[in-house]
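Asks: Here you go, model-v4.txt (compact mmCIF, C-alpha atoms (C1' of nucleotides)):
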# COMPACT_ATOMS: atom_id res chain seq x y z
CA MET W 1 -15.09 -20.10 22.99
CA GLN W 2 -14.49 -21.68 26.37
CA LEU W 3 -16.31 -19.95 29.21
CA ALA W 4 -14.29 -19.72 32.42
CA ASN W 5 -17.25 -20.63 34.63
CA THR W 6 -16.85 -24.30 33.71
CA ALA W 7 -13.61 -25.75 35.04
CA ILE W 8 -11.85 -28.11 37.40
CA VAL W 9 -10.27 -26.24 40.32
CA LEU W 10 -7.49 -28.30 41.86
CA ASP W 11 -4.97 -28.20 44.67
CA PHE W 12 -2.06 -30.47 45.63
CA GLU W 13 -0.48 -31.14 48.98
CA THR W 14 3.07 -32.36 48.42
CA THR W 15 6.25 -33.48 50.17
CA GLY W 16 7.95 -30.19 49.23
CA LEU W 17 8.22 -27.51 46.62
CA SER W 18 9.86 -29.13 43.63
CA PRO W 19 9.19 -32.34 41.73
CA ASP W 20 12.55 -31.75 40.04
CA MET W 21 14.13 -32.27 43.45
CA GLY W 22 12.25 -35.51 44.02
CA ASP W 23 9.14 -34.16 45.72
CA ARG W 24 5.86 -36.00 45.21
CA ALA W 25 2.18 -35.28 45.61
CA ILE W 26 0.57 -36.64 48.79
CA GLU W 27 -3.00 -35.37 48.33
CA ILE W 28 -5.11 -33.99 45.54
CA GLY W 29 -8.37 -32.13 45.94
CA ALA W 30 -10.51 -30.77 43.15
CA VAL W 31 -13.97 -29.40 42.54
CA LYS W 32 -15.87 -29.39 39.28
CA ILE W 33 -17.62 -26.14 38.38
CA VAL W 34 -20.22 -26.18 35.62
CA ASP W 35 -21.88 -22.89 34.66
CA GLY W 36 -20.63 -21.36 37.91
CA GLU W 37 -22.02 -24.10 40.17
CA ILE W 38 -19.95 -26.62 42.10
CA VAL W 39 -21.37 -29.94 40.93
CA ASP W 40 -18.76 -32.52 41.94
CA SER W 41 -15.58 -33.01 43.93
CA PHE W 42 -12.54 -35.27 44.10
CA GLN W 43 -10.26 -35.91 47.07
CA ALA W 44 -7.63 -38.53 47.70
CA LEU W 45 -4.53 -39.03 49.79
CA MET W 46 -1.75 -40.79 47.92
CA ASN W 47 1.22 -42.74 49.13
CA PRO W 48 4.40 -41.20 47.66
CA GLY W 49 6.54 -44.18 48.61
CA ARG W 50 8.64 -42.19 51.05
CA ARG W 51 8.20 -40.56 54.42
CA VAL W 52 7.23 -36.90 54.62
CA ASN W 53 9.11 -34.64 57.00
CA SER W 54 7.73 -33.16 60.20
CA PHE W 55 7.22 -29.77 58.62
CA ILE W 56 4.84 -31.20 56.04
CA GLU W 57 3.05 -33.30 58.65
CA SER W 58 2.54 -30.18 60.75
CA TYR W 59 1.74 -27.88 57.82
CA THR W 60 -0.88 -30.14 56.25
CA GLY W 61 -2.00 -32.35 59.11
CA ILE W 62 -1.29 -35.33 56.85
CA SER W 63 0.74 -37.89 58.78
CA ASN W 64 2.97 -40.69 57.60
CA ALA W 65 0.50 -43.10 59.18
CA MET W 66 -2.31 -41.69 57.03
CA LEU W 67 -0.19 -41.99 53.88
CA ALA W 68 0.86 -45.54 54.67
CA GLU W 69 -2.76 -46.60 54.23
CA ALA W 70 -3.35 -44.52 51.07
CA GLU W 71 -3.43 -45.69 47.48
CA SER W 72 -0.34 -45.10 45.32
CA CYS W 73 0.07 -41.85 43.41
CA GLU W 74 -0.28 -43.77 40.16
CA ILE W 75 -3.71 -45.21 41.04
CA VAL W 76 -5.02 -41.88 42.33
CA MET W 77 -3.73 -39.89 39.38
CA GLN W 78 -5.35 -42.30 36.94
CA ARG W 79 -8.68 -41.73 38.67
CA PHE W 80 -8.08 -37.98 38.60
CA ALA W 81 -7.25 -38.13 34.89
CA ASP W 82 -10.73 -39.54 34.33
CA PHE W 83 -12.29 -36.90 36.61
CA CYS W 84 -10.75 -33.91 34.82
CA GLN W 85 -11.06 -35.27 31.29
CA GLY W 86 -12.30 -32.58 28.91
CA PHE W 87 -12.20 -29.72 31.42
CA ASN W 88 -10.01 -26.66 31.67
CA LEU W 89 -8.08 -26.29 34.92
CA VAL W 90 -7.69 -23.58 37.56
CA ALA W 91 -5.37 -23.36 40.58
CA HIS W 92 -4.10 -20.76 43.02
CA ASN W 93 -0.50 -20.29 41.87
CA THR W 94 -0.73 -22.50 38.83
CA SER W 95 3.03 -22.56 38.35
CA PHE W 96 3.23 -24.76 41.46
CA ASP W 97 0.31 -27.13 40.91
CA LYS W 98 1.04 -27.51 37.20
CA LYS W 99 4.57 -28.71 37.97
CA PHE W 100 3.21 -31.50 40.15
CA LEU W 101 0.31 -32.33 37.84
CA ASP W 102 2.69 -32.67 34.90
CA ALA W 103 5.17 -34.73 36.92
CA GLU W 104 2.55 -37.14 38.31
CA PHE W 105 0.78 -37.46 34.95
CA LYS W 106 4.12 -38.17 33.27
CA ARG W 107 4.58 -41.15 35.60
CA ILE W 108 1.37 -42.70 34.26
CA ASN W 109 2.04 -41.65 30.66
CA HIS W 110 -0.89 -39.27 30.67
CA SER W 111 -1.11 -35.69 29.52
CA TYR W 112 -3.87 -33.12 29.40
CA SER W 113 -4.76 -30.46 26.91
CA GLY W 114 -6.61 -27.25 27.47
CA HIS W 115 -6.21 -24.08 29.46
CA PHE W 116 -4.70 -23.84 32.93
CA ALA W 117 -5.65 -20.52 34.52
CA CYS W 118 -4.33 -19.00 37.74
CA SER W 119 -6.44 -17.28 40.40
CA LEU W 120 -3.29 -15.80 41.96
CA LEU W 121 -2.20 -14.02 38.77
CA LEU W 122 -5.76 -12.85 38.16
CA SER W 123 -6.04 -11.52 41.72
CA ARG W 124 -2.86 -9.48 41.27
CA ARG W 125 -4.51 -7.88 38.24
CA ILE W 126 -8.10 -7.27 39.30
CA ASN W 127 -7.74 -6.92 43.10
CA GLN W 128 -4.72 -4.70 43.38
CA ASP W 129 -6.02 -3.29 46.66
CA ALA W 130 -5.94 -6.67 48.44
CA PRO W 131 -3.44 -6.75 51.35
CA ASN W 132 -1.71 -9.68 49.69
CA HIS W 133 -2.69 -12.52 47.38
CA LYS W 134 -2.33 -15.57 49.59
CA LEU W 135 -5.36 -17.82 49.33
CA GLY W 136 -6.27 -17.46 53.02
CA THR W 137 -6.01 -13.68 52.88
CA LEU W 138 -8.22 -13.48 49.78
CA VAL W 139 -10.85 -15.75 51.33
CA GLU W 140 -11.03 -13.39 54.31
CA TYR W 141 -10.76 -10.23 52.20
CA HIS W 142 -13.64 -11.25 49.92
CA GLN W 143 -15.57 -12.91 52.79
CA LEU W 144 -15.80 -16.16 50.88
CA PRO W 145 -17.30 -19.38 52.29
CA ASN W 146 -14.88 -21.58 54.19
CA ASP W 147 -14.90 -24.16 56.95
CA GLY W 148 -11.75 -22.95 58.67
CA VAL W 149 -9.60 -25.73 57.23
CA PHE W 150 -6.46 -24.65 55.38
CA HIS W 151 -3.66 -26.59 53.70
CA ARG W 152 -5.79 -29.61 52.93
CA ALA W 153 -6.31 -30.21 49.25
CA LEU W 154 -10.11 -30.32 48.99
CA ALA W 155 -10.59 -27.43 51.40
CA ASP W 156 -8.10 -25.28 49.50
CA ALA W 157 -9.55 -26.30 46.13
CA THR W 158 -13.05 -25.45 47.33
CA MET W 159 -11.96 -22.04 48.61
CA THR W 160 -10.14 -21.43 45.33
CA ALA W 161 -13.34 -22.33 43.48
CA HIS W 162 -15.29 -19.75 45.49
CA LEU W 163 -12.52 -17.22 44.81
CA TRP W 164 -12.65 -18.06 41.10
CA ASN W 165 -16.41 -17.60 40.93
CA HIS W 166 -16.04 -14.30 42.79
CA GLN W 167 -13.36 -13.12 40.39
CA LEU W 168 -15.51 -14.02 37.37
CA ALA W 169 -18.42 -12.08 38.87
CA LEU W 170 -16.20 -9.02 39.38
CA LEU W 171 -15.02 -9.25 35.79
CA GLN W 172 -18.56 -9.66 34.51
CA GLN W 173 -19.57 -6.50 36.42
CA GLN W 174 -16.80 -4.58 34.67
CA LEU W 175 -17.52 -6.19 31.29
CA PRO W 176 -21.29 -6.72 31.26
CA ASN W 177 -21.47 -7.46 27.55
CA LYS W 178 -18.38 -9.61 27.31
CA ALA W 179 -18.12 -13.38 27.55
CA ILE W 180 -15.63 -14.22 30.30
CA THR W 181 -13.52 -16.89 28.64
CA PHE W 182 -10.25 -18.56 29.51
CA GLU W 183 -8.68 -16.75 26.60
CA LEU W 184 -9.79 -13.38 28.00
CA ILE W 185 -8.56 -14.20 31.52
CA ASN W 186 -5.17 -15.25 30.26
CA GLN W 187 -4.97 -12.02 28.25
CA ILE W 188 -5.76 -10.03 31.42
CA SER W 189 -3.24 -12.04 33.45
CA LYS W 190 -0.52 -11.31 30.89
CA ARG W 191 -0.92 -7.54 31.20
CA SER W 192 1.24 -5.64 33.66
CA LYS W 193 -0.41 -4.06 36.67
CA ALA W 194 -0.06 -0.66 35.05
CA GLN W 195 -1.63 -1.82 31.79
CA VAL W 196 -4.56 -3.85 33.02
CA SER W 197 -7.02 -1.04 33.80
CA ARG W 198 -6.58 0.47 30.37
CA TYR W 199 -6.89 -2.97 28.79
CA LEU W 200 -10.20 -3.65 30.56
CA LEU W 201 -11.53 -0.27 29.45
CA SER W 202 -10.59 -1.07 25.86
CA LEU W 203 -12.71 -4.21 25.75
C1' DT B 1 19.48 -34.97 59.54
C1' DG B 2 19.24 -31.01 56.86
C1' DC B 3 18.80 -29.12 52.79
C1' DC B 4 16.58 -28.13 48.27
C1' DA B 5 12.72 -24.48 43.41
C1' DG B 6 10.93 -21.61 40.12
C1' DG B 7 7.65 -18.49 37.72
C1' DC B 8 5.89 -13.95 38.14
C1' DC B 9 6.73 -9.20 38.54
C1' DC B 10 8.30 -4.80 40.41
C1' DT B 11 12.01 -1.35 40.33
C1' DC B 12 16.56 2.16 43.03
C1' DT B 13 15.80 -2.54 35.74
C1' DT B 14 17.19 -4.73 31.15
C1' DT B 15 25.13 -6.25 31.94
C1' DA B 16 20.09 -7.50 38.39
C1' DG B 17 18.17 -8.19 42.63
C1' DG B 18 14.69 -9.46 45.53
C1' DG B 19 9.77 -10.10 47.26
C1' DC B 20 5.64 -12.83 46.51
C1' DC B 21 3.31 -17.30 46.18
C1' DT B 22 2.84 -22.46 46.31
C1' DT B 23 4.32 -27.33 49.95
If you took the structure in this file and wrote it as C-alpha cells, what would it be?
Replies:
Amino acid sequence: MQLANTAIVLDFETTGLSPDMGDRAIEIGAVKIVDGEIVDSFQALMNPGRRVNSFIESYTGISNAMLAEAESCEIVMQRFADFCQGFNLVAHNTSFDKKFLDAEFKRINHSYSGHFACSLLLSRRINQDAPNHKLGTLVEYHQLPNDGVFHRALADATMTAHLWNHQLALLQQQLPNKAITFELINQISKRSKAQVSRYLLSL
DNA sequence: TGCCAGGCCCTCTTTAGGGCCTT
C-alpha cells in the first residue's frame, strides 16, 4: 500500500509542447513530500543545446542567456534521477510532464518505476465546481500558498504540491476511514464525472 | 521565420468533433 501523501511533485519548463517534435526540457522543479510535509526541493535550469523562441522566453522568464550558462539536460536529469529514486510522482497534467520525463530519461538510459498521478485529472473529479482546472485558477480557488510566481518550474511544482495536499485532505474528509493511496486516486481519476460521486459513496 | 502535439473527456457520440490542459 503506497500512501499518496509521500511523493515527488514535479514540473517541467520546456521549449515547446512535444518531445516528439524535438522539444526539450529547459528547467525542472520538484518538491519532496513525506507524510504530507514538504521536506526537500530540487530546481535546475538545463541547457537544451538550442535556442528557445521568444514566446518561451516571455512565458517562462527563462532567457537564452540564462540557459547558455546552465548545465546540460543530461547532467541535470541524472541528478534528478537520484533525487526521485524510490518515490511515486505527481504532476499537474501528467500526460505533459511524463512525456518530457520519459524523453529526457531515455537520453541518459534511465527509467523509473512506480505510480505517476495527476492533480489535474483528480481536480476534474473531486472539484467539479471549480471554474476551470488550470493550476493558477485552482491555487486561487482553494486559496493555496503561493509567491505570485507562475510558469517557473519550482514555483509551479510547489503550488502543485500544496494543491495535492489539499486534494488529499478533501478526500480524507470524504473517506475518513480509508487510506488514501495512489491506487485509490488512480481509481477515482479513471471514473467518469458522472460515476465518481457514486464510486466515492461505495467505498 | 514560422510552424508543430496529444491525452482526457464531454456530447448535439461510438462510422466524430472539439474544448481543456500542459510549454
Asks: For chain B, work out the contacting residues on chain W at 6 Å, counting only C-alpha atoms (C1' of nucleotides), and write them as a short mmCIF file (atom, residue, chain, number, x, y, z; two decimals) with C-alpha atoms, in the frame of the given file.
Replies:
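In the end it all went to selection.cif:
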data_model
loop_
_atom_site.label_atom_id
_atom_site.label_comp_id
_atom_site.auth_asym_id
_atom_site.auth_seq_id
_atom_site.Cartn_x
_atom_site.Cartn_y
_atom_site.Cartn_z
CA THR W 14 3.07 -32.36 48.42
CA GLY W 16 7.95 -30.19 49.23
CA LEU W 17 8.22 -27.51 46.62
CA SER W 18 9.86 -29.13 43.63
CA ASN W 93 -0.50 -20.29 41.87
CA PHE W 96 3.23 -24.76 41.46
#
Asks: From the list W:Ala91, W:Leu203, W:Ala44, W:Val9, which residue is nearest Ala30 of chain W when using all atoms listed in the file?
Replies: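 When distances to Ala30 of chain W are compared using all atoms listed in the file, the smallest one comes from W:Val9.
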Asks: Restricting the calculation to only C-alpha atoms, which member of W:Ile56, W:Val90, W:Ala65, W:Met46 is positioned closest to Gln78 of chain W?
Replies: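 The closest residue to Gln78 of chain W is W:Met46.
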Asks: Write out as a PyMOL selection string each polymer residue whose atoms come within 12 Å of segment 129-140 of chain W, counting only C-alpha atoms (C1' of nucleotides); drop sequence neighbours fewer than 3 positions from it.
Replies: (chain W and resi 11+91-93+118-126+143-151+155-167+193) or (chain B and resi 19-22)
Asks: Measuring atom to atom with all atoms listed in the file, identify which of W:Tyr112, W:Phe12, W:Phe80, W:Tyr141 is nearest to Ser95 of chain W.
Replies: W:Phe12
Asks: Once you add 8 Å to each side, what are the centre and edge lengths of the axis-aligned box holding all listed atoms of segment 171-183 of chain W? One decimal in Å, as lines of an AutoDock Vina configuration file, if you can.
Replies:
center_x = -15.1
center_y = -11.6
center_z = 31.5
size_x = 28.8
size_y = 30.0
size_z = 25.8
Asks: Rounded to one decimal in Å, what is the spacing between atom CA of Val52 of chain W and atom CA of Glu71 of chain W?
Replies: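 Straight-line distance from atom CA of Val52 of chain W to atom CA of Glu71 of chain W works out to 15.6 Å.
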Asks: One decimal, Å: what's the distance from atom CA of Leu168 of chain W over to atom CA of Leu10 of chain W, could you say?
Replies: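 Atom-to-atom, atom CA of Leu168 of chain W and atom CA of Leu10 of chain W are spaced 17.0 Å apart.
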Asks: Give the answer as one residue: which of W:Val31, W:Leu3, W:Ala70, W:Leu101 has the shortest atom-to-atom distance to Ile185 of chain W, using all atoms listed in the file?
Replies: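 Nearest to Ile185 of chain W: W:Leu3.
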Asks: Calculate how many Å separate atom CA of Gln2 of chain W from atom CA of Ser111 of chain W, rounding to one decimal.
Replies: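 Calculated distance between atom CA of Gln2 of chain W and atom CA of Ser111 of chain W is 19.6 Å.
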Asks: Taking only C-alpha atoms into account, which of W:Ala68, W:Ile75, W:Arg191, W:Leu200 comes nearest Pro176 of chain W?
Replies: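 The closest residue to Pro176 of chain W is W:Leu200.
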Asks: Which residues, written as a ChimeraX atom specification, have at least one atom at most 10 Å from Leu67 of chain W, with all atoms listed in the file counted and residues fewer than 2 positions away on the same chain left out?
Replies: /W:26-27,45-52,62-65,69-72
